[in-house]
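This is data-v4.cif. It holds mmCIF, C-alpha atoms and all ligand atoms; chains and numbers go by the auth columns.
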data_entry
#
loop_
_atom_site.group_PDB
_atom_site.id
_atom_site.type_symbol
_atom_site.label_atom_id
_atom_site.label_comp_id
_atom_site.label_asym_id
_atom_site.label_seq_id
_atom_site.Cartn_x
_atom_site.Cartn_y
_atom_site.Cartn_z
_atom_site.B_iso_or_equiv
_atom_site.auth_seq_id
_atom_site.auth_asym_id
ATOM 1 C CA ALA A 1 12.661 -236.866 39.125 0.00 1 A
ATOM 2 C CA GLN A 2 10.793 -239.109 41.535 0.00 2 A
ATOM 3 C CA GLU A 3 13.507 -241.396 42.828 0.00 3 A
ATOM 4 C CA GLU A 4 12.896 -245.035 43.491 0.00 4 A
ATOM 5 C CA THR A 5 14.412 -246.948 46.326 0.00 5 A
ATOM 6 C CA GLU A 6 16.190 -249.890 44.724 0.00 6 A
ATOM 7 C CA ASP A 7 15.931 -252.118 47.763 0.00 7 A
ATOM 8 C CA GLU A 8 13.005 -251.723 50.104 0.00 8 A
ATOM 9 C CA HIS A 9 14.921 -253.435 52.903 0.00 9 A
ATOM 10 C CA GLU A 10 17.340 -250.543 53.034 0.00 10 A
ATOM 11 C CA PHE A 11 15.112 -248.587 55.376 0.00 11 A
ATOM 12 C CA SER A 12 12.421 -249.482 57.867 0.00 12 A
ATOM 13 C CA TYR A 13 9.792 -247.787 59.986 0.00 13 A
ATOM 14 C CA VAL A 14 10.663 -249.674 63.160 0.00 14 A
ATOM 15 C CA PRO A 15 11.587 -247.034 65.786 0.00 15 A
ATOM 16 C CA GLY A 16 14.530 -248.790 67.444 0.00 16 A
ATOM 17 C CA ASP A 17 15.847 -250.441 64.265 0.00 17 A
ATOM 18 C CA GLU A 18 19.288 -249.598 62.886 0.00 18 A
ATOM 19 C CA HIS A 19 17.548 -248.840 59.575 0.00 19 A
ATOM 20 C CA GLY A 20 14.704 -247.041 61.349 0.00 20 A
ATOM 21 C CA PRO A 21 13.606 -243.436 60.727 0.00 21 A
ATOM 22 C CA ALA A 22 16.134 -241.928 63.154 0.00 22 A
ATOM 23 C CA HIS A 23 18.963 -243.372 61.020 0.00 23 A
ATOM 24 C CA TRP A 24 17.736 -242.903 57.448 0.00 24 A
ATOM 25 C CA GLY A 25 20.124 -239.989 56.953 0.00 25 A
ATOM 26 C CA GLU A 26 23.151 -242.169 57.783 0.00 26 A
ATOM 27 C CA ILE A 27 22.336 -245.119 55.525 0.00 27 A
ATOM 28 C CA LYS A 28 23.557 -243.509 52.284 0.00 28 A
ATOM 29 C CA PRO A 29 25.251 -240.177 51.528 0.00 29 A
ATOM 30 C CA GLU A 30 22.390 -239.398 49.101 0.00 30 A
ATOM 31 C CA TRP A 31 19.952 -239.734 52.001 0.00 31 A
ATOM 32 C CA ALA A 32 21.658 -237.122 54.207 0.00 32 A
ATOM 33 C CA ALA A 33 18.663 -234.759 54.012 0.00 33 A
ATOM 34 C CA CYS A 34 16.628 -237.310 56.011 0.00 34 A
ATOM 35 C CA GLY A 35 18.815 -236.477 59.005 0.00 35 A
ATOM 36 C CA ALA A 36 20.161 -232.976 58.394 0.00 36 A
ATOM 37 C CA GLY A 37 17.306 -231.370 56.450 0.00 37 A
ATOM 38 C CA ARG A 38 15.547 -228.420 58.055 0.00 38 A
ATOM 39 C CA MET A 39 12.386 -228.561 55.928 0.00 39 A
ATOM 40 C CA GLN A 40 11.364 -232.182 56.327 0.00 40 A
ATOM 41 C CA SER A 41 7.957 -233.857 56.159 0.00 41 A
ATOM 42 C CA PRO A 42 5.596 -234.866 57.662 0.00 42 A
ATOM 43 C CA ILE A 43 4.715 -232.222 60.252 0.00 43 A
ATOM 44 C CA ASP A 44 1.881 -231.443 62.613 0.00 44 A
ATOM 45 C CA LEU A 45 -0.372 -228.805 61.088 0.00 45 A
ATOM 46 C CA SER A 46 -0.940 -227.111 64.409 0.00 46 A
ATOM 47 C CA HIS A 47 -3.795 -224.650 64.619 0.00 47 A
ATOM 48 C CA ASP A 48 -1.739 -221.847 66.127 0.00 48 A
ATOM 49 C CA ARG A 49 0.719 -221.884 63.215 0.00 49 A
ATOM 50 C CA VAL A 50 -1.798 -221.861 60.403 0.00 50 A
ATOM 51 C CA SER A 51 -2.589 -218.567 58.677 0.00 51 A
ATOM 52 C CA LEU A 52 -5.442 -218.048 56.247 0.00 52 A
ATOM 53 C CA VAL A 53 -4.149 -217.124 52.807 0.00 53 A
ATOM 54 C CA ARG A 54 -7.087 -216.429 50.536 0.00 54 A
ATOM 55 C CA SER A 55 -4.867 -215.708 47.534 0.00 55 A
ATOM 56 C CA LEU A 56 -3.908 -219.399 47.335 0.00 56 A
ATOM 57 C CA GLY A 57 -7.226 -219.976 45.572 0.00 57 A
ATOM 58 C CA TYR A 58 -9.062 -223.220 44.866 0.00 58 A
ATOM 59 C CA LEU A 59 -6.975 -226.260 44.081 0.00 59 A
ATOM 60 C CA ARG A 60 -7.603 -226.834 40.393 0.00 60 A
ATOM 61 C CA ASP A 61 -6.883 -230.037 38.516 0.00 61 A
ATOM 62 C CA SER A 62 -7.354 -231.636 35.140 0.00 62 A
ATOM 63 C CA TYR A 63 -7.276 -235.247 36.342 0.00 63 A
ATOM 64 C CA ARG A 64 -8.445 -237.912 33.908 0.00 64 A
ATOM 65 C CA PRO A 65 -8.491 -241.708 33.710 0.00 65 A
ATOM 66 C CA ALA A 66 -5.177 -243.061 32.466 0.00 66 A
ATOM 67 C CA GLN A 67 -3.253 -246.281 31.968 0.00 67 A
ATOM 68 C CA ALA A 68 -1.490 -247.412 35.131 0.00 68 A
ATOM 69 C CA SER A 69 0.334 -250.227 36.853 0.00 69 A
ATOM 70 C CA ILE A 70 0.328 -251.206 40.497 0.00 70 A
ATOM 71 C CA VAL A 71 3.573 -251.791 42.357 0.00 71 A
ATOM 72 C CA ASN A 72 4.364 -253.387 45.693 0.00 72 A
ATOM 73 C CA ARG A 73 7.409 -251.342 46.742 0.00 73 A
ATOM 74 C CA GLY A 74 7.737 -253.362 49.938 0.00 74 A
ATOM 75 C CA HIS A 75 7.195 -250.265 52.072 0.00 75 A
ATOM 76 C CA ASP A 76 3.968 -249.268 50.317 0.00 76 A
ATOM 77 C CA ILE A 77 1.545 -249.994 47.483 0.00 77 A
ATOM 78 C CA MET A 78 1.807 -247.531 44.603 0.00 78 A
ATOM 79 C CA VAL A 79 -0.246 -246.850 41.487 0.00 79 A
ATOM 80 C CA ARG A 80 2.068 -245.564 38.763 0.00 80 A
ATOM 81 C CA PHE A 81 0.547 -243.802 35.759 0.00 81 A
ATOM 82 C CA SER A 82 2.126 -244.529 32.404 0.00 82 A
ATOM 83 C CA GLY A 83 -0.563 -242.538 30.615 0.00 83 A
ATOM 84 C CA ASP A 84 -1.383 -238.846 31.038 0.00 84 A
ATOM 85 C CA ALA A 85 -3.475 -238.632 34.237 0.00 85 A
ATOM 86 C CA GLY A 86 -3.734 -234.836 34.152 0.00 86 A
ATOM 87 C CA SER A 87 -2.286 -232.262 36.558 0.00 87 A
ATOM 88 C CA VAL A 88 -2.834 -229.836 39.401 0.00 88 A
ATOM 89 C CA TRP A 89 -2.150 -226.117 39.098 0.00 89 A
ATOM 90 C CA ILE A 90 -0.122 -224.408 41.823 0.00 90 A
ATOM 91 C CA ASN A 91 0.943 -220.759 41.474 0.00 91 A
ATOM 92 C CA GLY A 92 0.444 -220.872 37.735 0.00 92 A
ATOM 93 C CA THR A 93 2.585 -223.976 37.272 0.00 93 A
ATOM 94 C CA SER A 94 1.241 -227.321 36.106 0.00 94 A
ATOM 95 C CA TYR A 95 2.303 -230.434 38.046 0.00 95 A
ATOM 96 C CA ALA A 96 1.527 -233.712 36.288 0.00 96 A
ATOM 97 C CA LEU A 97 0.133 -236.600 38.342 0.00 97 A
ATOM 98 C CA LYS A 98 2.738 -239.396 38.319 0.00 98 A
ATOM 99 C CA GLN A 99 1.784 -241.829 41.077 0.00 99 A
ATOM 100 C CA MET A 100 -0.386 -242.394 44.147 0.00 100 A
ATOM 101 C CA HIS A 101 0.374 -244.440 47.259 0.00 101 A
ATOM 102 C CA TRP A 102 -0.884 -244.970 50.806 0.00 102 A
ATOM 103 C CA HIS A 103 0.565 -244.587 54.281 0.00 103 A
ATOM 104 C CA SER A 104 -0.972 -245.893 57.466 0.00 104 A
ATOM 105 C CA PRO A 105 -1.470 -244.445 59.941 0.00 105 A
ATOM 106 C CA SER A 106 -1.466 -240.923 58.496 0.00 106 A
ATOM 107 C CA GLU A 107 1.896 -239.136 58.291 0.00 107 A
ATOM 108 C CA HIS A 108 0.585 -235.601 58.785 0.00 108 A
ATOM 109 C CA THR A 109 -1.394 -234.728 61.869 0.00 109 A
ATOM 110 C CA VAL A 110 -3.780 -231.797 62.235 0.00 110 A
ATOM 111 C CA GLY A 111 -3.864 -230.147 65.638 0.00 111 A
ATOM 112 C CA GLY A 112 -1.950 -233.157 66.961 0.00 112 A
ATOM 113 C CA ARG A 113 -4.554 -235.612 65.705 0.00 113 A
ATOM 114 C CA ARG A 114 -3.413 -238.615 63.688 0.00 114 A
ATOM 115 C CA ARG A 115 -5.780 -240.368 61.282 0.00 115 A
ATOM 116 C CA ALA A 116 -5.925 -243.978 60.086 0.00 116 A
ATOM 117 C CA MET A 117 -4.529 -243.473 56.594 0.00 117 A
ATOM 118 C CA GLU A 118 -3.084 -240.903 54.194 0.00 118 A
ATOM 119 C CA LEU A 119 -3.189 -241.035 50.409 0.00 119 A
ATOM 120 C CA HIS A 120 -0.400 -239.224 48.548 0.00 120 A
ATOM 121 C CA LEU A 121 -0.910 -237.983 45.008 0.00 121 A
ATOM 122 C CA VAL A 122 2.600 -237.292 43.728 0.00 122 A
ATOM 123 C CA HIS A 123 3.012 -234.727 40.945 0.00 123 A
ATOM 124 C CA GLU A 124 5.945 -233.338 39.025 0.00 124 A
ATOM 125 C CA SER A 125 6.365 -230.166 36.977 0.00 125 A
ATOM 126 C CA ALA A 126 8.179 -229.985 33.650 0.00 126 A
ATOM 127 C CA ALA A 127 11.122 -228.508 35.593 0.00 127 A
ATOM 128 C CA GLY A 128 11.194 -231.574 37.888 0.00 128 A
ATOM 129 C CA LYS A 129 9.684 -229.886 40.964 0.00 129 A
ATOM 130 C CA ALA A 130 7.489 -232.109 43.132 0.00 130 A
ATOM 131 C CA ALA A 131 4.057 -231.322 44.560 0.00 131 A
ATOM 132 C CA VAL A 132 2.248 -233.851 46.750 0.00 132 A
ATOM 133 C CA VAL A 133 -1.434 -233.717 47.655 0.00 133 A
ATOM 134 C CA GLY A 134 -2.275 -235.611 50.851 0.00 134 A
ATOM 135 C CA VAL A 135 -5.747 -236.886 51.748 0.00 135 A
ATOM 136 C CA LEU A 136 -6.518 -238.107 55.277 0.00 136 A
ATOM 137 C CA TYR A 137 -8.845 -241.021 56.086 0.00 137 A
ATOM 138 C CA ASP A 138 -10.577 -242.426 59.124 0.00 138 A
ATOM 139 C CA VAL A 139 -12.008 -245.928 59.297 0.00 139 A
ATOM 140 C CA GLY A 140 -15.745 -245.766 58.658 0.00 140 A
ATOM 141 C CA GLU A 141 -18.722 -247.618 57.274 0.00 141 A
ATOM 142 C CA ARG A 142 -18.133 -246.391 53.770 0.00 142 A
ATOM 143 C CA GLY A 143 -15.236 -247.724 51.745 0.00 143 A
ATOM 144 C CA ASP A 144 -13.102 -245.642 49.426 0.00 144 A
ATOM 145 C CA ALA A 145 -14.101 -245.863 45.740 0.00 145 A
ATOM 146 C CA LEU A 146 -10.540 -245.698 44.411 0.00 146 A
ATOM 147 C CA LEU A 147 -9.456 -248.566 46.671 0.00 147 A
ATOM 148 C CA SER A 148 -12.553 -250.604 45.783 0.00 148 A
ATOM 149 C CA ALA A 149 -11.572 -250.454 42.134 0.00 149 A
ATOM 150 C CA LEU A 150 -8.022 -251.539 42.950 0.00 150 A
ATOM 151 C CA GLU A 151 -8.806 -254.250 45.523 0.00 151 A
ATOM 152 C CA PRO A 152 -8.426 -257.273 43.214 0.00 152 A
ATOM 153 C CA ALA A 153 -5.082 -255.990 41.924 0.00 153 A
ATOM 154 C CA ILE A 154 -3.791 -255.227 45.419 0.00 154 A
ATOM 155 C CA ARG A 155 -4.772 -258.752 46.463 0.00 155 A
ATOM 156 C CA ARG A 156 -2.800 -260.175 43.533 0.00 156 A
ATOM 157 C CA ILE A 157 0.388 -258.336 44.444 0.00 157 A
ATOM 158 C CA ALA A 158 0.042 -258.789 48.216 0.00 158 A
ATOM 159 C CA ASP A 159 3.354 -259.676 49.833 0.00 159 A
ATOM 160 C CA ARG A 160 5.232 -259.686 46.522 0.00 160 A
ATOM 161 C CA GLY A 161 7.844 -257.003 47.068 0.00 161 A
ATOM 162 C CA ASP A 162 9.107 -255.235 43.946 0.00 162 A
ATOM 163 C CA HIS A 163 6.317 -256.765 41.927 0.00 163 A
ATOM 164 C CA GLU A 164 4.611 -254.576 39.330 0.00 164 A
ATOM 165 C CA GLU A 165 1.636 -255.391 37.173 0.00 165 A
ATOM 166 C CA ASP A 166 -0.664 -253.694 34.751 0.00 166 A
ATOM 167 C CA VAL A 167 -4.038 -252.555 36.123 0.00 167 A
ATOM 168 C CA GLY A 168 -5.487 -250.988 33.001 0.00 168 A
ATOM 169 C CA VAL A 169 -7.121 -247.580 33.282 0.00 169 A
ATOM 170 C CA VAL A 170 -7.261 -245.934 36.733 0.00 170 A
ATOM 171 C CA ASP A 171 -9.447 -242.894 37.376 0.00 171 A
ATOM 172 C CA PRO A 172 -7.844 -240.367 39.755 0.00 172 A
ATOM 173 C CA ARG A 173 -10.881 -238.056 39.657 0.00 173 A
ATOM 174 C CA GLY A 174 -12.603 -237.987 42.995 0.00 174 A
ATOM 175 C CA ALA A 175 -9.488 -239.283 44.795 0.00 175 A
ATOM 176 C CA ARG A 176 -9.124 -236.068 46.738 0.00 176 A
ATOM 177 C CA GLY A 177 -12.753 -234.894 46.857 0.00 177 A
ATOM 178 C CA THR A 178 -13.556 -231.222 46.392 0.00 178 A
ATOM 179 C CA ALA A 179 -10.599 -230.121 48.542 0.00 179 A
ATOM 180 C CA SER A 180 -12.137 -226.683 48.970 0.00 180 A
ATOM 181 C CA VAL A 181 -10.257 -226.239 52.258 0.00 181 A
ATOM 182 C CA TYR A 182 -6.599 -227.214 52.367 0.00 182 A
ATOM 183 C CA TYR A 183 -3.258 -226.603 54.086 0.00 183 A
ATOM 184 C CA ARG A 184 -0.093 -225.651 52.200 0.00 184 A
ATOM 185 C CA TYR A 185 3.542 -225.715 53.291 0.00 185 A
ATOM 186 C CA MET A 186 7.018 -226.446 51.939 0.00 186 A
ATOM 187 C CA GLY A 187 8.513 -229.796 52.910 0.00 187 A
ATOM 188 C CA SER A 188 10.173 -232.945 51.634 0.00 188 A
ATOM 189 C CA LEU A 189 9.559 -236.473 50.436 0.00 189 A
ATOM 190 C CA THR A 190 8.651 -238.570 53.475 0.00 190 A
ATOM 191 C CA THR A 191 10.783 -241.531 52.339 0.00 191 A
ATOM 192 C CA PRO A 192 14.507 -241.588 51.507 0.00 192 A
ATOM 193 C CA PRO A 193 16.110 -239.613 49.922 0.00 193 A
ATOM 194 C CA CYS A 194 13.820 -237.111 51.761 0.00 194 A
ATOM 195 C CA THR A 195 14.434 -234.520 49.033 0.00 195 A
ATOM 196 C CA GLU A 196 13.307 -231.008 50.016 0.00 196 A
ATOM 197 C CA GLY A 197 11.546 -228.397 47.893 0.00 197 A
ATOM 198 C CA VAL A 198 8.293 -230.371 47.796 0.00 198 A
ATOM 199 C CA ILE A 199 5.088 -228.299 47.755 0.00 199 A
ATOM 200 C CA TRP A 200 2.659 -229.970 50.151 0.00 200 A
ATOM 201 C CA THR A 201 -1.113 -229.647 50.005 0.00 201 A
ATOM 202 C CA ILE A 202 -3.097 -231.426 52.720 0.00 202 A
ATOM 203 C CA VAL A 203 -6.843 -231.585 52.173 0.00 203 A
ATOM 204 C CA LYS A 204 -8.748 -230.636 55.347 0.00 204 A
ATOM 205 C CA ARG A 205 -11.769 -232.877 54.839 0.00 205 A
ATOM 206 C CA VAL A 206 -11.187 -236.350 56.257 0.00 206 A
ATOM 207 C CA ARG A 207 -12.521 -239.171 54.100 0.00 207 A
ATOM 208 C CA SER A 208 -13.658 -242.684 54.920 0.00 208 A
ATOM 209 C CA VAL A 209 -11.917 -246.015 54.302 0.00 209 A
ATOM 210 C CA SER A 210 -13.374 -249.379 55.318 0.00 210 A
ATOM 211 C CA LYS A 211 -11.627 -251.557 57.884 0.00 211 A
ATOM 212 C CA ASP A 212 -11.141 -254.274 55.255 0.00 212 A
ATOM 213 C CA GLN A 213 -9.554 -251.914 52.747 0.00 213 A
ATOM 214 C CA LEU A 214 -7.108 -250.621 55.315 0.00 214 A
ATOM 215 C CA GLU A 215 -6.249 -254.166 56.403 0.00 215 A
ATOM 216 C CA LEU A 216 -5.671 -255.184 52.802 0.00 216 A
ATOM 217 C CA LEU A 217 -3.178 -252.339 52.261 0.00 217 A
ATOM 218 C CA ARG A 218 -1.358 -253.113 55.478 0.00 218 A
ATOM 219 C CA GLU A 219 -1.137 -256.837 54.812 0.00 219 A
ATOM 220 C CA ALA A 220 0.075 -256.332 51.254 0.00 220 A
ATOM 221 C CA VAL A 221 3.412 -254.809 52.306 0.00 221 A
ATOM 222 C CA HIS A 222 6.312 -256.376 54.220 0.00 222 A
ATOM 223 C CA ASP A 223 5.605 -257.391 57.814 0.00 223 A
ATOM 224 C CA ASP A 224 7.754 -254.630 59.286 0.00 224 A
ATOM 225 C CA MET A 225 6.201 -252.053 56.970 0.00 225 A
ATOM 226 C CA GLU A 226 2.605 -252.300 58.160 0.00 226 A
ATOM 227 C CA ASN A 227 3.109 -248.966 59.845 0.00 227 A
ATOM 228 C CA ASN A 228 4.594 -246.931 57.041 0.00 228 A
ATOM 229 C CA ALA A 229 4.315 -243.454 58.527 0.00 229 A
ATOM 230 C CA ARG A 230 7.476 -241.435 59.099 0.00 230 A
ATOM 231 C CA PRO A 231 7.556 -239.740 62.529 0.00 231 A
ATOM 232 C CA LEU A 232 6.699 -236.030 62.723 0.00 232 A
ATOM 233 C CA GLN A 233 9.532 -233.656 61.806 0.00 233 A
ATOM 234 C CA GLU A 234 10.491 -230.268 63.250 0.00 234 A
ATOM 235 C CA VAL A 235 8.620 -227.313 61.752 0.00 235 A
ATOM 236 C CA ASN A 236 11.630 -224.979 62.192 0.00 236 A
ATOM 237 C CA GLY A 237 9.582 -221.809 61.836 0.00 237 A
ATOM 238 C CA ARG A 238 8.024 -222.703 58.489 0.00 238 A
ATOM 239 C CA ASP A 239 4.812 -220.983 57.401 0.00 239 A
ATOM 240 C CA ILE A 240 1.715 -223.144 57.177 0.00 240 A
ATOM 241 C CA SER A 241 -1.021 -221.601 55.065 0.00 241 A
ATOM 242 C CA MET A 242 -4.644 -222.523 54.728 0.00 242 A
ATOM 243 C CA PHE A 243 -7.092 -221.776 51.957 0.00 243 A
ATOM 244 C CA ARG A 244 -10.785 -221.508 52.732 0.00 244 A
ATOM 245 C CA PRO A 245 -13.284 -220.101 50.228 0.00 245 A
HETATM 246 C C1 LIG B . 6.102 -239.183 49.753 0.00 301 B
HETATM 247 O O1 LIG B . 4.905 -239.060 49.642 0.00 301 B
HETATM 248 O O2 LIG B . 6.858 -238.259 50.098 0.00 301 B
HETATM 249 C C2 LIG B . 6.626 -240.487 49.409 0.00 301 B
HETATM 250 O O3 LIG B . 6.275 -241.472 50.251 0.00 301 B
HETATM 251 C C3 LIG B . 7.777 -240.493 48.555 0.00 301 B
HETATM 252 C C4 LIG B . 7.606 -241.464 47.443 0.00 301 B
HETATM 253 O O4 LIG B . 6.566 -241.560 46.817 0.00 301 B
HETATM 254 O O5 LIG B . 8.580 -242.175 47.173 0.00 301 B
HETATM 255 ZN ZN ZN B . 4.003 -240.720 50.593 0.00 302 B
#

Let me see whether you can do it: turn the structure in this file into C-alpha cells.
Amino acid sequence: AQEETEDEHEFSYVPGDEHGPAHWGEIKPEWAACGAGRMQSPIDLSHDRVSLVRSLGYLRDSYRPAQASIVNRGHDIMVRFSGDAGSVWINGTSYALKQMHWHSPSEHTVGGRRRAMELHLVHESAAGKAAVVGVLYDVGERGDALLSALEPAIRRIADRGDHEEDVGVVDPRGARGTASVYYRYMGSLTTPPCTEGVIWTIVKRVRSVSKDQLELLREAVHDDMENNARPLQEVNGRDISMFRP
C-alpha cells in the first residue's frame, strides 16, 4: 500500500541537512532502502542507456473523473482519489489511479536535462504493486489545465501542512497527454520509505505549466520544501526501455 509519512518534518530536501536526502535511510529502520537500495529513483534517462522496446506497446488507460480531496503533505501537494479514477494497463495488469502530486524541479532528467516540474500519477494493482507515471513540464505561456482547475483549492490549503479538504470531482484524463512515446524502468518511491519494485513510466513529451501555477505549488508547501526533488540515484546497470510507435 501507498505509505504515508506521518510527520512531514521527518525528512527534508535540504542537501546539507541532517534530515536531508543523503540521510533518509538512517532516519528510521523502515527507511533503510533510501540509503542501501540498489534500484532507487529518480534517475537520469541517459540516451546511451535507452533501448527501443516496441513490444511495450501504447500506454493504455481507463481514466475517468472521480471524487477527490486535496492534501498539503508539507513536502508536496497531493490529489487523493476516493472514487474510482480508472487505471493504466502494464503487461496485462491493471493499476488503479490512487493519487497525483507534483515535484519541482523535475526529479527525473532526460539526457542530463532537468525540467521545471514533474507530475506523478501514482497507481496500485490489486496485489499492491505500484506503478508511477511521470510527466515533465517546462514553464511556458500556456498553463496546465489540471492545475487551473485545482488552483482555488491549492490556494485554500497553502501553507497548511497535513491539511486535507474535499475538492469534488477531479478529471485525470488529459493529465499525461497522449504519451505515445515513453520511457520505462524499474525503480522506487522517491520519498521515504523509498520502497523498490515500482514500475516507472516517464512520458517523453514535455508539457507546459505557467509561471504562476508553478509558484503557487512551491509556495503552498513548507519553506524548506520548495525544492521537493530527490537527487539523482545510481542506475546500477538497470535497463531503461523506450516505446515509440
Ligand atoms: C513518488 O512519486 O515516488 C512519491 O513522491 C511517493 C509518494 O507519493 O509518497
Ligand atoms: Zn512523486

Selection as a compact mmCIF listing (two decimals) with C-alpha atoms, in the frame of the given file: residues within 8 Å of ligand ZN 302 (chain B) by all atoms listed in the file:
# COMPACT_ATOMS: atom_id res chain seq x y z
CA MET A 100 -0.39 -242.39 44.15
CA HIS A 101 0.37 -244.44 47.26
CA TRP A 102 -0.88 -244.97 50.81
CA HIS A 103 0.56 -244.59 54.28
CA GLU A 118 -3.08 -240.90 54.19
CA LEU A 119 -3.19 -241.04 50.41
CA HIS A 120 -0.40 -239.22 48.55
CA LEU A 121 -0.91 -237.98 45.01
CA VAL A 122 2.60 -237.29 43.73
CA LEU A 189 9.56 -236.47 50.44
CA THR A 190 8.65 -238.57 53.48
CA THR A 191 10.78 -241.53 52.34

Env of range 211-222 of chain A: 7 Å cut, atoms = only C-alpha atoms, seq-sep filter 3 positions within chain, self excluded. Answer as a list in words.
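Skipping anything fewer than 3 positions along the chain leaves Asn72, Gly74, His75, Asp76, Val139, Leu147, Ala158, Asp159, Met225 and Glu226 of chain A.
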
Do you know which residues are at most 10 Å from Ile157 in chain A counting all atoms listed in the file, after dropping those on the same chain fewer than 2 positions away, and could you put them as a PyMOL selection string?
chain A and resi 70-72+77+152-155+159-165+220-221

Write out, as a compact mmCIF listing (two decimals), in the frame of the given file, the residues just selected, with C-alpha atoms.
# COMPACT_ATOMS: atom_id res chain seq x y z
CA ILE A 70 0.33 -251.21 40.50
CA VAL A 71 3.57 -251.79 42.36
CA ASN A 72 4.36 -253.39 45.69
CA ILE A 77 1.54 -249.99 47.48
CA PRO A 152 -8.43 -257.27 43.21
CA ALA A 153 -5.08 -255.99 41.92
CA ILE A 154 -3.79 -255.23 45.42
CA ARG A 155 -4.77 -258.75 46.46
CA ASP A 159 3.35 -259.68 49.83
CA ARG A 160 5.23 -259.69 46.52
CA GLY A 161 7.84 -257.00 47.07
CA ASP A 162 9.11 -255.24 43.95
CA HIS A 163 6.32 -256.76 41.93
CA GLU A 164 4.61 -254.58 39.33
CA GLU A 165 1.64 -255.39 37.17
CA ALA A 220 0.08 -256.33 51.25
CA VAL A 221 3.41 -254.81 52.31

Name the residues captured by the PyMOL selection byres (((chain A and resi 94) around 10) and not hetatm) when it is applied to the shown file; answer as a compact mmCIF listing (two decimals) with C-alpha atoms, in the frame of the given file.
# COMPACT_ATOMS: atom_id res chain seq x y z
CA ARG A 60 -7.60 -226.83 40.39
CA ASP A 61 -6.88 -230.04 38.52
CA SER A 62 -7.35 -231.64 35.14
CA GLY A 86 -3.73 -234.84 34.15
CA SER A 87 -2.29 -232.26 36.56
CA VAL A 88 -2.83 -229.84 39.40
CA TRP A 89 -2.15 -226.12 39.10
CA ILE A 90 -0.12 -224.41 41.82
CA ASN A 91 0.94 -220.76 41.47
CA GLY A 92 0.44 -220.87 37.74
CA THR A 93 2.58 -223.98 37.27
CA TYR A 95 2.30 -230.43 38.05
CA ALA A 96 1.53 -233.71 36.29
CA LEU A 97 0.13 -236.60 38.34
CA HIS A 123 3.01 -234.73 40.94
CA GLU A 124 5.94 -233.34 39.02
CA SER A 125 6.36 -230.17 36.98
CA ALA A 126 8.18 -229.98 33.65
CA ALA A 127 11.12 -228.51 35.59
CA ALA A 131 4.06 -231.32 44.56

Give as a PDB file with C-alpha atoms, keeping the file's coordinate frame each residue that has an atom at most 12 Å from (-11.8, -238.3, 46.4) in the file, counting only C-alpha atoms.
ATOM      1  CA  TYR A  63      -7.276-235.247  36.342  1.00  0.00           C
ATOM      2  CA  GLU A 118      -3.084-240.903  54.194  1.00  0.00           C
ATOM      3  CA  LEU A 119      -3.189-241.035  50.409  1.00  0.00           C
ATOM      4  CA  HIS A 120      -0.400-239.224  48.548  1.00  0.00           C
ATOM      5  CA  LEU A 121      -0.910-237.983  45.008  1.00  0.00           C
ATOM      6  CA  VAL A 133      -1.434-233.717  47.655  1.00  0.00           C
ATOM      7  CA  GLY A 134      -2.275-235.611  50.851  1.00  0.00           C
ATOM      8  CA  VAL A 135      -5.747-236.886  51.748  1.00  0.00           C
ATOM      9  CA  LEU A 136      -6.518-238.107  55.277  1.00  0.00           C
ATOM     10  CA  TYR A 137      -8.845-241.021  56.086  1.00  0.00           C
ATOM     11  CA  GLY A 143     -15.236-247.724  51.745  1.00  0.00           C
ATOM     12  CA  ASP A 144     -13.102-245.642  49.426  1.00  0.00           C
ATOM     13  CA  ALA A 145     -14.101-245.863  45.740  1.00  0.00           C
ATOM     14  CA  LEU A 146     -10.540-245.698  44.411  1.00  0.00           C
ATOM     15  CA  LEU A 147      -9.456-248.566  46.671  1.00  0.00           C
ATOM     16  CA  ASP A 171      -9.447-242.894  37.376  1.00  0.00           C
ATOM     17  CA  PRO A 172      -7.844-240.367  39.755  1.00  0.00           C
ATOM     18  CA  ARG A 173     -10.881-238.056  39.657  1.00  0.00           C
ATOM     19  CA  GLY A 174     -12.603-237.987  42.995  1.00  0.00           C
ATOM     20  CA  ALA A 175      -9.488-239.283  44.795  1.00  0.00           C
ATOM     21  CA  ARG A 176      -9.124-236.068  46.738  1.00  0.00           C
ATOM     22  CA  GLY A 177     -12.753-234.894  46.857  1.00  0.00           C
ATOM     23  CA  THR A 178     -13.556-231.222  46.392  1.00  0.00           C
ATOM     24  CA  ALA A 179     -10.599-230.121  48.542  1.00  0.00           C
ATOM     25  CA  SER A 180     -12.137-226.683  48.970  1.00  0.00           C
ATOM     26  CA  VAL A 203      -6.843-231.585  52.173  1.00  0.00           C
ATOM     27  CA  ARG A 205     -11.769-232.877  54.839  1.00  0.00           C
ATOM     28  CA  VAL A 206     -11.187-236.350  56.257  1.00  0.00           C
ATOM     29  CA  ARG A 207     -12.521-239.171  54.100  1.00  0.00           C
ATOM     30  CA  SER A 208     -13.658-242.684  54.920  1.00  0.00           C
ATOM     31  CA  VAL A 209     -11.917-246.015  54.302  1.00  0.00           C
TER      32      VAL A 209
END

Distance of CA of Glu151 in chain A from CA of Asn227 in chain A, expressed in Å to one decimal place
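So the two atoms, CA of Asn227 in chain A and CA of Glu151 in chain A, lie 19.4 Å apart.
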
Given the file above and the PyMOL selection byres (((chain A and resi 38) around 8) and not hetatm), which residues are selected, and can you give them as a PyMOL selection string?
chain A and resi 36-37+39-40+234-236

Neighbours of point (0.5, -230.0, 64.3) within 10 Å, using all atoms listed in the file, written as a list of chain:residue names:
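Returned residue set, sorted by chain then number, is A:Pro42, A:Ile43, A:Asp44, A:Leu45, A:Ser46, A:His47, A:Asp48, A:Arg49, A:Val50, A:His108, A:Thr109, A:Val110, A:Gly111, A:Gly112, A:Arg113, A:Arg114, A:Leu232, A:Val235, A:Ile240.
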
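Atom pair CA of Val198 in chain A / CA of Asp224 in chain A has a distance of 26.8 Å (rounded to one decimal).
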
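The smallest atom-to-atom distance between ligand LIG 301 (chain B) and any of A:Leu150, A:Met78, A:Val167, A:Arg156, using all atoms listed in the file, is found for A:Met78.
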
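The coordinates place CA of Arg80 in chain A at 19.1 Å from CA of Met117 in chain A.
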
Could you list, as a ChimeraX atom specification, every residue within 9 Å of Phe11 in chain A, counting all atoms listed in the file and ignoring same-chain residues fewer than 5 positions away?
/A:18-21,23-24,27,75,191-192
